[in-house]
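For reference, coords14.tsv (TSV, C-alpha atoms and all ligand atoms):
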chain	number	residue	atom	x	y	z
A	1	MET	CA	114.08	106.07	93.76
A	2	ILE	CA	111.13	104.91	91.66
A	3	PRO	CA	108.33	104.23	94.14
A	4	PHE	CA	105.79	101.50	93.47
A	5	LEU	CA	102.93	103.98	93.72
A	6	ASP	CA	103.34	107.66	94.52
A	7	LEU	CA	99.99	108.66	95.98
A	8	LYS	CA	101.23	112.09	96.88
A	9	ASN	CA	102.20	112.74	93.26
A	10	ILE	CA	98.91	111.35	91.98
A	11	ASN	CA	96.73	113.47	94.27
A	12	GLN	CA	98.94	116.52	93.81
A	13	GLN	CA	97.67	116.71	90.21
A	14	TYR	CA	94.20	117.50	91.57
A	15	ARG	CA	95.27	119.45	94.65
A	16	ASP	CA	93.36	122.65	93.98
A	17	GLU	CA	90.13	120.88	93.12
A	18	LEU	CA	90.43	118.52	96.08
A	19	ILE	CA	90.97	121.38	98.50
A	20	GLU	CA	88.06	123.28	96.99
A	21	ALA	CA	85.81	120.22	97.41
A	22	CYS	CA	87.07	119.75	100.95
A	23	THR	CA	86.30	123.34	101.81
A	24	ARG	CA	82.82	122.95	100.36
A	25	VAL	CA	82.12	120.00	102.67
A	26	VAL	CA	83.62	121.67	105.75
A	27	ASP	CA	81.54	124.77	105.13
A	28	SER	CA	78.33	122.85	104.40
A	29	GLY	CA	77.94	121.61	107.97
A	30	TRP	CA	76.62	118.29	106.59
A	31	TYR	CA	78.99	115.32	106.81
A	32	ILE	CA	77.10	112.06	106.29
A	33	GLY	CA	74.41	111.08	103.80
A	34	GLY	CA	73.98	114.30	101.91
A	35	HIS	CA	74.37	115.97	98.55
A	36	GLU	CA	78.00	114.91	97.96
A	37	LEU	CA	77.18	111.23	98.38
A	38	GLU	CA	74.11	111.47	96.17
A	39	THR	CA	76.07	113.26	93.44
A	40	PHE	CA	78.92	110.76	93.53
A	41	GLU	CA	76.63	107.73	93.59
A	42	LYS	CA	74.78	109.02	90.53
A	43	SER	CA	77.95	109.74	88.59
A	44	PHE	CA	79.58	106.43	89.53
A	45	ALA	CA	76.46	104.46	88.54
A	46	LYS	CA	76.44	106.35	85.25
A	47	TYR	CA	80.13	105.61	84.76
A	48	CYS	CA	79.51	101.88	85.23
A	49	GLY	CA	76.28	101.93	83.25
A	50	THR	CA	74.21	100.63	86.18
A	51	GLN	CA	70.96	102.00	87.55
A	52	TYR	CA	72.04	102.09	91.19
A	53	ALA	CA	75.14	102.68	93.27
A	54	VAL	CA	75.15	102.59	97.06
A	55	GLY	CA	78.09	104.07	98.91
A	56	VAL	CA	79.50	102.07	101.84
A	57	ALA	CA	82.49	102.37	104.14
A	58	ASN	CA	84.93	100.21	102.13
A	59	GLY	CA	85.20	97.52	99.48
A	60	LEU	CA	85.01	94.61	101.90
A	61	ASP	CA	81.72	95.95	103.27
A	62	ALA	CA	80.31	96.26	99.74
A	63	LEU	CA	80.82	92.51	99.31
A	64	ILE	CA	79.71	91.59	102.84
A	65	LEU	CA	76.54	93.68	102.63
A	66	THR	CA	75.54	92.31	99.22
A	67	LEU	CA	75.73	88.71	100.41
A	68	ARG	CA	73.97	89.71	103.63
A	69	ALA	CA	71.20	91.42	101.64
A	70	TRP	CA	70.68	88.28	99.57
A	71	LYS	CA	70.29	86.38	102.83
A	72	GLU	CA	67.76	88.90	104.17
A	73	LEU	CA	65.88	88.68	100.87
A	74	GLY	CA	65.73	84.88	101.18
A	75	ARG	CA	67.95	84.20	98.19
A	76	LEU	CA	70.80	82.74	100.27
A	77	HIS	CA	70.92	80.66	103.43
A	78	ASP	CA	73.60	79.66	105.93
A	79	GLY	CA	75.95	77.09	104.45
A	80	ASP	CA	75.18	77.86	100.80
A	81	GLU	CA	78.21	77.59	98.56
A	82	VAL	CA	79.91	80.51	96.86
A	83	ILE	CA	82.42	79.86	94.11
A	84	VAL	CA	85.46	82.13	94.36
A	85	PRO	CA	88.93	82.11	92.76
A	86	SER	CA	91.56	80.39	94.92
A	87	ASN	CA	94.12	83.16	94.29
A	88	THR	CA	91.96	86.20	95.09
A	89	TYR	CA	92.77	88.83	97.65
A	90	ILE	CA	91.55	87.58	101.03
A	91	ALA	CA	88.73	90.15	101.23
A	92	SER	CA	86.61	88.28	98.66
A	93	ILE	CA	86.73	85.18	100.85
A	94	LEU	CA	86.23	87.02	104.14
A	95	ALA	CA	82.96	88.41	102.76
A	96	ILE	CA	81.73	84.85	102.25
A	97	THR	CA	82.72	83.39	105.61
A	98	GLU	CA	81.52	86.52	107.43
A	99	ASN	CA	78.03	85.60	106.19
A	100	ASN	CA	78.21	81.93	107.28
A	101	LEU	CA	78.38	80.90	103.64
A	102	THR	CA	80.84	78.33	102.34
A	103	PRO	CA	83.62	79.39	99.97
A	104	VAL	CA	84.42	76.89	97.22
A	105	LEU	CA	87.85	77.73	95.88
A	106	VAL	CA	88.28	77.34	92.13
A	107	GLU	CA	91.67	77.62	90.45
A	108	PRO	CA	92.53	80.43	88.05
A	109	ASP	CA	93.97	80.32	84.57
A	110	ILE	CA	97.70	80.75	85.13
A	111	SER	CA	98.15	83.17	82.23
A	112	THR	CA	95.47	85.70	83.27
A	113	CYS	CA	95.32	84.86	87.00
A	114	ASN	CA	91.51	85.12	86.71
A	115	ILE	CA	89.12	82.27	87.55
A	116	ASP	CA	89.06	79.48	84.96
A	117	PRO	CA	85.42	79.13	83.77
A	118	SER	CA	85.98	75.53	82.65
A	119	LYS	CA	86.69	74.64	86.29
A	120	ILE	CA	83.62	76.44	87.62
A	121	THR	CA	81.17	73.89	86.24
A	122	GLN	CA	83.05	71.03	87.92
A	123	ALA	CA	82.76	72.79	91.27
A	124	ILE	CA	78.99	73.32	91.14
A	125	THR	CA	76.93	71.25	93.60
A	126	GLU	CA	73.29	71.36	94.66
A	127	LYS	CA	74.34	73.89	97.34
A	128	THR	CA	75.99	76.36	94.95
A	129	ARG	CA	74.17	79.69	94.82
A	130	VAL	CA	76.71	82.37	93.87
A	131	ILE	CA	79.75	82.87	91.68
A	132	LEU	CA	81.95	85.59	93.16
A	133	ALA	CA	83.94	86.70	90.11
A	134	VAL	CA	87.05	88.74	90.86
A	135	HIS	CA	88.56	90.99	88.18
A	136	LEU	CA	92.07	90.56	89.50
A	137	TYR	CA	94.88	93.05	88.78
A	138	GLY	CA	92.40	95.17	86.77
A	139	GLN	CA	91.42	92.64	84.12
A	140	LEU	CA	87.81	91.54	83.71
A	141	ALA	CA	87.26	87.87	84.43
A	142	ASP	CA	85.77	85.93	81.52
A	143	MET	CA	82.32	87.40	82.17
A	144	PRO	CA	80.57	86.21	78.98
A	145	LYS	CA	81.32	82.58	79.97
A	146	ILE	CA	80.67	83.13	83.66
A	147	MET	CA	77.26	84.70	82.97
A	148	GLN	CA	76.40	81.83	80.68
A	149	ILE	CA	77.21	79.29	83.40
A	150	ALA	CA	75.27	81.33	85.98
A	151	LYS	CA	72.24	81.37	83.71
A	152	GLN	CA	72.46	77.65	83.05
A	153	TYR	CA	72.66	76.77	86.76
A	154	ASN	CA	70.50	79.65	88.02
A	155	LEU	CA	73.26	81.20	90.13
A	156	LEU	CA	73.74	84.75	91.37
A	157	VAL	CA	76.88	86.56	90.24
A	158	LEU	CA	78.69	89.00	92.50
A	159	GLU	CA	81.61	90.84	90.93
A	160	ASP	CA	84.57	91.92	93.04
A	161	SER	CA	85.56	94.97	91.02
A	162	ALA	CA	87.86	96.47	93.67
A	163	GLN	CA	90.80	96.47	91.23
A	164	SER	CA	89.00	97.13	87.98
A	165	HIS	CA	87.02	100.39	87.86
A	166	GLY	CA	86.38	101.12	84.19
A	167	ALA	CA	87.46	97.77	82.70
A	168	GLN	CA	85.09	96.82	79.90
A	169	LEU	CA	84.27	94.12	77.43
A	170	GLN	CA	81.68	94.21	74.65
A	171	GLY	CA	80.88	97.75	75.78
A	172	LYS	CA	79.89	96.58	79.26
A	173	LYS	CA	81.89	97.75	82.27
A	174	ALA	CA	83.01	96.03	85.46
A	175	GLY	CA	80.13	96.40	87.89
A	176	ASN	CA	77.46	95.92	85.23
A	177	TRP	CA	77.94	92.23	84.40
A	178	GLY	CA	76.69	90.39	87.44
A	179	ASN	CA	73.67	90.85	89.71
A	180	ALA	CA	75.78	93.17	91.83
A	181	SER	CA	79.35	94.36	92.18
A	182	GLY	CA	81.52	95.64	95.00
A	183	PHE	CA	84.13	98.36	94.45
A	184	SER	CA	86.83	99.67	96.75
A	185	PHE	CA	88.14	103.23	96.81
A	186	TYR	CA	91.07	102.43	99.11
A	187	PRO	CA	93.63	105.17	98.35
A	188	GLY	CA	95.87	102.86	96.27
A	189	LYS	CA	93.11	101.61	93.96
A	190	ASN	CA	92.76	103.05	90.44
A	191	LEU	CA	90.01	105.31	91.77
A	192	GLY	CA	91.18	106.06	95.28
A	193	ALA	CA	89.66	108.20	98.02
A	194	LEU	CA	91.78	109.98	100.65
A	195	GLY	CA	90.78	107.38	103.18
A	196	ASP	CA	88.49	104.34	103.16
A	197	ALA	CA	85.43	104.15	100.93
A	198	GLY	CA	83.53	101.63	98.83
A	199	ILE	CA	80.44	101.29	96.68
A	200	LEU	CA	78.09	98.67	95.42
A	201	THR	CA	76.56	98.80	91.94
A	202	THR	CA	73.48	96.91	90.72
A	203	ASN	CA	70.45	97.14	88.47
A	204	ASP	CA	68.28	95.53	91.16
A	205	GLU	CA	66.34	98.23	93.00
A	206	THR	CA	65.26	96.01	95.91
A	207	LEU	CA	68.84	94.88	96.45
A	208	ALA	CA	70.10	98.48	96.39
A	209	GLN	CA	67.51	99.56	98.96
A	210	THR	CA	68.22	96.57	101.19
A	211	ILE	CA	71.95	97.27	101.16
A	212	ARG	CA	71.34	100.94	101.91
A	213	ALA	CA	69.22	99.96	104.91
A	214	LEU	CA	71.69	97.30	106.13
A	215	GLY	CA	74.53	99.84	106.10
A	216	ASN	CA	72.41	102.26	108.08
A	217	TYR	CA	71.59	100.15	111.18
A	218	GLY	CA	69.09	98.13	109.17
A	219	SER	CA	66.87	101.17	108.88
A	220	PHE	CA	64.82	102.42	105.91
A	221	HIS	CA	63.25	105.17	108.04
A	222	LYS	CA	64.92	106.94	110.91
A	223	TYR	CA	64.57	105.07	114.23
A	224	GLU	CA	62.73	102.15	112.60
A	225	ASN	CA	65.02	99.14	112.39
A	226	HIS	CA	63.94	96.52	109.93
A	227	TYR	CA	67.16	94.46	110.05
A	228	LYS	CA	69.95	93.86	112.55
A	229	GLY	CA	72.11	96.12	110.43
A	230	LEU	CA	75.46	97.75	110.84
A	231	ASN	CA	77.03	101.11	110.23
A	232	SER	CA	78.78	101.28	106.86
A	233	ARG	CA	78.49	104.55	104.99
A	234	LEU	CA	80.50	106.61	102.55
A	235	ASP	CA	81.25	109.99	104.16
A	236	GLU	CA	80.50	113.27	102.40
A	237	ILE	CA	84.14	114.28	102.45
A	238	GLN	CA	85.28	111.09	100.68
A	239	ALA	CA	82.40	111.33	98.21
A	240	ALA	CA	83.55	114.87	97.37
A	241	MET	CA	87.16	113.69	96.86
A	242	LEU	CA	85.94	110.85	94.66
A	243	SER	CA	83.77	113.15	92.52
A	244	VAL	CA	86.90	115.14	91.69
A	245	LYS	CA	88.99	112.06	90.91
A	246	LEU	CA	86.31	110.25	88.89
A	247	LYS	CA	86.58	112.99	86.25
A	248	TYR	CA	90.19	111.98	85.63
A	249	LEU	CA	89.83	108.22	85.95
A	250	ASN	CA	89.70	107.50	82.22
A	251	ARG	CA	92.77	109.65	81.64
A	252	GLU	CA	94.67	107.76	84.34
A	253	ILE	CA	93.58	104.41	82.92
A	254	GLU	CA	94.86	105.47	79.48
A	255	ARG	CA	98.17	106.42	81.06
A	256	ARG	CA	98.35	102.99	82.75
A	257	ARG	CA	97.63	101.34	79.39
A	258	GLU	CA	100.47	103.30	77.76
A	259	ILE	CA	102.89	102.16	80.44
A	260	ALA	CA	101.64	98.57	80.19
A	261	GLN	CA	102.19	98.69	76.43
A	262	LEU	CA	105.77	99.88	76.91
A	263	TYR	CA	106.40	97.02	79.32
A	264	LEU	CA	104.74	94.44	77.07
A	265	GLU	CA	106.78	95.50	74.06
A	266	GLY	CA	110.00	96.31	75.88
A	267	ILE	CA	110.51	93.48	78.36
A	268	GLN	CA	112.33	90.68	76.60
A	269	ASN	CA	113.86	88.28	79.03
A	270	PRO	CA	113.27	84.52	78.92
A	271	LEU	CA	113.30	84.43	82.74
A	272	ILE	CA	110.20	86.69	82.87
A	273	GLU	CA	106.60	85.79	82.00
A	274	LEU	CA	104.54	88.81	81.00
A	275	PRO	CA	100.90	89.32	81.92
A	276	VAL	CA	98.39	88.27	79.29
A	277	ILE	CA	95.25	90.01	78.09
A	278	GLN	CA	92.63	87.34	77.69
A	279	GLY	CA	91.25	86.68	74.22
A	280	ASN	CA	93.10	88.94	71.85
A	281	THR	CA	94.53	92.42	71.77
A	282	ASN	CA	91.16	93.82	70.62
A	283	GLN	CA	90.15	93.20	74.18
A	284	TYR	CA	92.67	95.71	75.54
A	285	LEU	CA	89.79	97.72	77.10
A	286	SER	CA	89.10	94.78	79.40
A	287	HIS	CA	92.27	95.58	81.38
A	288	VAL	CA	92.79	98.76	83.40
A	289	TRP	CA	96.19	97.68	84.77
A	290	HIS	CA	95.63	98.28	88.45
A	291	LEU	CA	98.71	96.10	88.76
A	292	PHE	CA	101.31	95.01	86.21
A	293	VAL	CA	102.16	91.55	87.42
A	294	ILE	CA	105.01	89.53	85.95
A	295	ARG	CA	105.93	85.99	86.92
A	296	THR	CA	109.41	84.60	87.41
A	297	LYS	CA	110.98	81.57	89.04
A	298	HIS	CA	113.71	83.91	90.27
A	299	ARG	CA	111.55	86.38	92.14
A	300	GLU	CA	113.76	87.01	95.11
A	301	ALA	CA	116.84	87.71	92.98
A	302	LEU	CA	114.90	89.88	90.54
A	303	GLN	CA	113.28	91.91	93.30
A	304	LYS	CA	116.72	92.40	94.85
A	305	THR	CA	118.24	93.54	91.55
A	306	LEU	CA	115.40	96.00	90.99
A	307	SER	CA	115.77	97.29	94.52
A	308	GLU	CA	119.52	97.81	93.99
A	309	HIS	CA	118.53	100.05	91.08
A	310	ASP	CA	116.13	101.95	93.38
A	311	ILE	CA	113.03	100.43	91.81
A	312	GLN	CA	110.36	99.47	94.31
A	313	THR	CA	108.21	96.40	93.61
A	314	LEU	CA	105.54	94.58	95.60
A	315	ILE	CA	104.08	91.06	95.69
A	316	HIS	CA	100.33	90.64	95.14
A	317	TYR	CA	100.09	88.35	97.00
A	318	PRO	CA	102.77	86.34	98.79
A	319	ILE	CA	100.47	83.79	100.51
A	320	SER	CA	97.47	81.93	99.05
A	321	PRO	CA	94.23	82.34	101.02
A	322	HIS	CA	94.18	78.59	101.75
A	323	LYS	CA	97.65	78.84	103.32
A	324	GLN	CA	96.68	81.69	105.65
A	325	GLN	CA	96.47	81.20	109.40
A	326	ALA	CA	92.95	82.68	109.22
A	327	TYR	CA	91.85	79.65	107.18
A	328	GLN	CA	93.85	77.01	109.04
A	329	GLU	CA	91.26	74.38	108.16
A	330	TRP	CA	92.33	74.68	104.50
A	331	ASN	CA	96.08	74.64	105.13
A	332	PRO	CA	96.49	70.95	104.18
A	333	LEU	CA	94.65	71.46	100.87
A	334	SER	CA	96.47	71.89	97.62
A	335	TYR	CA	95.68	74.44	94.91
A	336	PRO	CA	98.79	74.11	92.76
A	337	ILE	CA	98.04	76.89	90.24
A	338	SER	CA	97.29	79.36	92.96
A	339	GLU	CA	100.41	78.27	94.85
A	340	ALA	CA	102.58	78.69	91.73
A	341	ILE	CA	101.12	82.18	91.21
A	342	HIS	CA	101.78	83.18	94.80
A	343	ALA	CA	105.34	81.89	94.56
A	344	GLU	CA	106.21	83.65	91.30
A	345	VAL	CA	104.36	86.95	90.95
A	346	LEU	CA	106.00	90.35	91.17
A	347	SER	CA	104.22	93.68	90.61
A	348	LEU	CA	106.14	96.38	88.73
A	349	PRO	CA	105.46	100.08	89.26
A	350	ILE	CA	102.61	101.25	87.00
A	351	ASP	CA	101.86	104.56	88.64
A	352	PRO	CA	100.19	106.85	86.08
A	353	THR	CA	102.60	109.63	87.03
A	354	LEU	CA	105.71	107.62	86.02
A	355	SER	CA	107.72	109.19	83.21
A	356	ILE	CA	108.57	107.33	80.00
A	357	ASP	CA	112.24	107.55	80.99
A	358	GLN	CA	111.50	105.85	84.30
A	359	VAL	CA	109.56	103.08	82.57
A	360	ASN	CA	112.37	102.58	80.04
A	361	PHE	CA	114.89	102.40	82.85
A	362	ILE	CA	112.85	99.69	84.59
A	363	ILE	CA	112.65	97.77	81.29
A	364	GLN	CA	116.42	98.04	80.83
A	365	VAL	CA	117.10	96.67	84.32
A	366	LEU	CA	114.67	93.80	83.71
A	367	ASN	CA	116.24	92.93	80.38
A	368	GLN	CA	119.73	92.83	81.85
A	369	PHE	CA	118.71	90.49	84.64
A	370	ASN	CA	120.11	86.98	84.26
B	1	LIG	C1	91.11	96.11	97.88
B	1	LIG	C2	90.31	94.91	97.64
B	1	LIG	C3	89.18	94.60	98.38
B	1	LIG	C4	88.80	95.31	99.65
B	1	LIG	O1	88.61	96.66	99.55
B	1	LIG	P1	88.78	97.57	100.88
B	1	LIG	O2	88.24	98.89	100.44
B	1	LIG	O3	90.23	97.61	101.22
B	1	LIG	O4	87.96	96.95	101.94
B	1	LIG	C5	88.41	93.52	98.01
B	1	LIG	N1	88.76	92.76	96.97
B	1	LIG	C6	89.85	92.99	96.22
B	1	LIG	C7	90.15	92.12	95.06
B	1	LIG	C8	90.67	94.08	96.54
B	1	LIG	O5	91.77	94.31	95.81

Just give me the structure of the file as structure tokens.
Amino acid sequence: MIPFLDLKNINQQYRDELIEACTRVVDSGWYIGGHELETFEKSFAKYCGTQYAVGVANGLDALILTLRAWKELGRLHDGDEVIVPSNTYIASILAITENNLTPVLVEPDISTCNIDPSKITQAITEKTRVILAVHLYGQLADMPKIMQIAKQYNLLVLEDSAQSHGAQLQGKKAGNWGNASGFSFYPGKNLGALGDAGILTTNDETLAQTIRALGNYGSFHKYENHYKGLNSRLDEIQAAMLSVKLKYLNREIERRREIAQLYLEGIQNPLIELPVIQGNTNQYLSHVWHLFVIRTKHREALQKTLSEHDIQTLIHYPISPHKQQAYQEWNPLSYPISEAIHAEVLSLPIDPTLSIDQVNFIIQVLNQFN
């Protein structure tokens, strides 16, 4: 059986170092807000090229707390509009509604599945304050264009980099394009903890401090509560796990790129649309292949065929946000590109521990499908 993602295999590569780091934390007697967090935050900020990184409990909180901080700092108000891709993972949208802000769904480009900048301008109103740019599947959104639009209309840019640690364009990484960026270290992400964790990167010192306080009961100083905050922190033990795994992130990304290249060159079947790197192949660094997502009008049959050959695939994602029960009020709306994407996408295994033989076998099964 070829699993979609073999987390046990992935973490097994670093077993000794992970256990050593774990032991260090257990023996330290210090479990929240200590040396491990500080070390990881510094190295992750350095990795992204940003001045600050603030650890939080998960990726959703990184987004929620950033928008909340902008509200506390007077840069956003209830009802302000936030532009967000219509086909994103629901978390991006939850972060907006959680803050009493209004999501404005903008359709993606069908070939990259990232937000279409030419449609952003049409969606801007006098209430628009933020573009929430999602780097979906591991590929940077068209950040040069998005930043240009943001500058022109004086908008804040929040990146959702949960799927794209390390993706870069023009030498600038995910997390260092917008005013702030949220990352997730959910175990299945390209940089995954051994539990929940997230981080927020920014070059804005006031924002970083505000988010740190908001995630710590709204407190800058112990027992003094400046905001009605919440509890959202990155534990020492997860920070220690992440410090180990960050060292190997680039190597794993390279491995994902090799597998993606094999798929891109090997899959030749008119019934299958391959993922596209935006721009040209010189921009291959802009994709870290968190997911390798093909499109087909015959998804059910193809998934069944793959499954009969013991190849596990997943769908990211089967239901558009505007068709979810959680957003009933949007159910009658139509976002045809997003709906086509949700109806046709299928994610192939792109686990960095896959062997070349396994990848070639998957390609062979795909090419024989008719
Ligand atoms: C995973 C993910 C999140 C949420 O991260 P969690 O750590 O699971 O809260 C947000 N946005 C996107 C695009 C994601 O893929």

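Each of A:Gly192, A:Pro117, A:Pro275, A:Gly49 was checked against ligand LIG 1 (chain B) using only C-alpha atoms and all ligand atoms; the smallest atom-to-atom distance is that of A:Gly192.
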
Which residues are near ligand LIG 1 (chain B) - at most 10 Å, using only C-alpha atoms and all ligand atoms? Format: as a ChimeraX atom specification. /A:56-64,87-95,133-138,159-164,182-189,192-193,195-199,290,316

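Considering the residues A:Leu191, A:Val130, A:Leu105, A:Ala180 and counting all atoms listed in the file, Leu156 in chain A has its shortest atom-to-atom contact with A:Val130.
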
Taking (107.8, 89.9, 92.6) in the file's coordinates, which residues come within 10 Å, counting all atoms listed in the file, written as a VMD selection string? chain A and resid 293 to 304 306 313 to 318 342 to 348

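Compared by their closest atoms to Ser111 in chain A, and using all atoms listed in the file, the residues A:Ile149, A:Val276, A:Leu18, A:Leu366 rank with A:Val276 nearest.
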
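Between CA of Arg24 in chain A and CA of Thr202 in chain A the interatomic distance comes to 29.3 Å.
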
Smallest atom-to-atom distance to Asp204 in chain A: which of A:Trp70, A:Gly218, A:Asn179, A:Tyr31, using all atoms listed in the file? A:Asn179

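Interatomic distance, CA of His287 in chain A to CA of Ala239 in chain A: 25.1 Å.
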
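For the choices A:Asn190, A:Ser334, A:Gly34, A:Ile124, the atom-to-atom distance to Arg251 in chain A is smallest for A:Asn190 when using all atoms listed in the file.
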
The residues within 12 Å of (87.5, 109.1, 83.9), using only C-alpha atoms and the coordinates of the file, should be reported as an MDAnalysis selection string; which are they? chainID A and resid 43:44 46:48 165:167 190:191 242:255 288

Mind checking which residues fall within 7 Å of Ile350 in chain A, counting all atoms listed in the file, ignoring those fewer than 3 positions away in the same chain, and posting them as a PyMOL selection string? chain A and resi 256+259+291-292

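In this structure, CA of Lys145 in chain A sits 22.1 Å away from CA of Leu67 in chain A.
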
Choose the residue, out of A:Val82, A:Val106, A:Ala150, A:Leu101, that has the smallest atom-to-atom separation from Leu132 in chain A; count all atoms listed in the file. A:Val82

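Excluding Asn216 in chain A and any residue on its chain fewer than 2 positions from it, the residues at most 8 Å away by only C-alpha atoms are Arg212, Ala213, Leu214, Gly218, Ser219, Phe220, Gly229, Leu230, Asn231, Ser232 and Arg233 of chain A.
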
Quick one: residues within 12 Å of Ile277 in chain A, all atoms listed in the file, excluding same-chain residues fewer than 2 positions away - as an NGL selection string? :A and (109-114 or 136-142 or 167 or 169 or 257 or 260-261 or 264 or 274-275 or 279-289 or 292-293)

Excluding Ala326 in chain A and its own-chain neighbours fewer than 2 positions away, which residues fall within 12 Å of it when counting only C-alpha atoms? Please give them as a PyMOL selection string. chain A and resi 90-91+93-94+97+319-324+328-331

Save range 95-101 of chain A to disk from that block, all heavy atoms included, as a short mmCIF file (atom, residue, chain, number, x, y, z; two decimals), in the first residue's frame.
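Result saved to decode_35.cif:
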data_model
loop_
_atom_site.label_atom_id
_atom_site.label_comp_id
_atom_site.auth_asym_id
_atom_site.auth_seq_id
_atom_site.Cartn_x
_atom_site.Cartn_y
_atom_site.Cartn_z
N ALA A 95 -11.08 32.68 10.17
CA ALA A 95 -10.31 33.72 10.86
C ALA A 95 -10.95 35.09 10.64
O ALA A 95 -10.90 35.96 11.52
CB ALA A 95 -8.87 33.72 10.38
N ILE A 96 -11.57 35.28 9.49
CA ILE A 96 -12.19 36.56 9.16
C ILE A 96 -13.51 36.71 9.93
O ILE A 96 -13.75 37.70 10.62
CB ILE A 96 -12.44 36.65 7.63
CG1 ILE A 96 -11.11 36.51 6.88
CG2 ILE A 96 -13.15 37.96 7.28
CD1 ILE A 96 -11.26 36.35 5.37
N THR A 97 -14.37 35.70 9.82
CA THR A 97 -15.69 35.82 10.46
C THR A 97 -15.56 35.80 11.99
O THR A 97 -16.34 36.45 12.68
CB THR A 97 -16.67 34.74 9.97
OG1 THR A 97 -16.06 33.44 10.07
CG2 THR A 97 -17.03 34.96 8.51
N GLU A 98 -14.57 35.09 12.50
CA GLU A 98 -14.33 35.06 13.95
C GLU A 98 -14.10 36.48 14.49
O GLU A 98 -14.38 36.77 15.64
CB GLU A 98 -13.10 34.18 14.22
CG GLU A 98 -12.64 34.09 15.66
CD GLU A 98 -13.63 33.36 16.56
OE1 GLU A 98 -14.45 32.58 16.05
OE2 GLU A 98 -13.59 33.61 17.78
N ASN A 99 -13.57 37.35 13.64
CA ASN A 99 -13.27 38.73 14.05
C ASN A 99 -14.36 39.73 13.66
O ASN A 99 -14.11 40.94 13.67
CB ASN A 99 -11.93 39.16 13.44
CG ASN A 99 -10.75 38.69 14.27
OD1 ASN A 99 -10.55 39.15 15.38
ND2 ASN A 99 -9.97 37.76 13.74
N ASN A 100 -15.54 39.23 13.32
CA ASN A 100 -16.63 40.12 12.88
C ASN A 100 -16.25 40.97 11.68
O ASN A 100 -16.70 42.11 11.53
CB ASN A 100 -17.08 41.06 14.00
CG ASN A 100 -17.83 40.31 15.06
OD1 ASN A 100 -18.62 39.41 14.74
ND2 ASN A 100 -17.58 40.65 16.31
N LEU A 101 -15.39 40.42 10.83
CA LEU A 101 -15.04 41.08 9.58
C LEU A 101 -15.79 40.35 8.47
O LEU A 101 -16.32 39.26 8.69
CB LEU A 101 -13.52 41.03 9.36
CG LEU A 101 -12.70 41.70 10.47
CD1 LEU A 101 -11.23 41.27 10.39
CD2 LEU A 101 -12.82 43.21 10.40
#
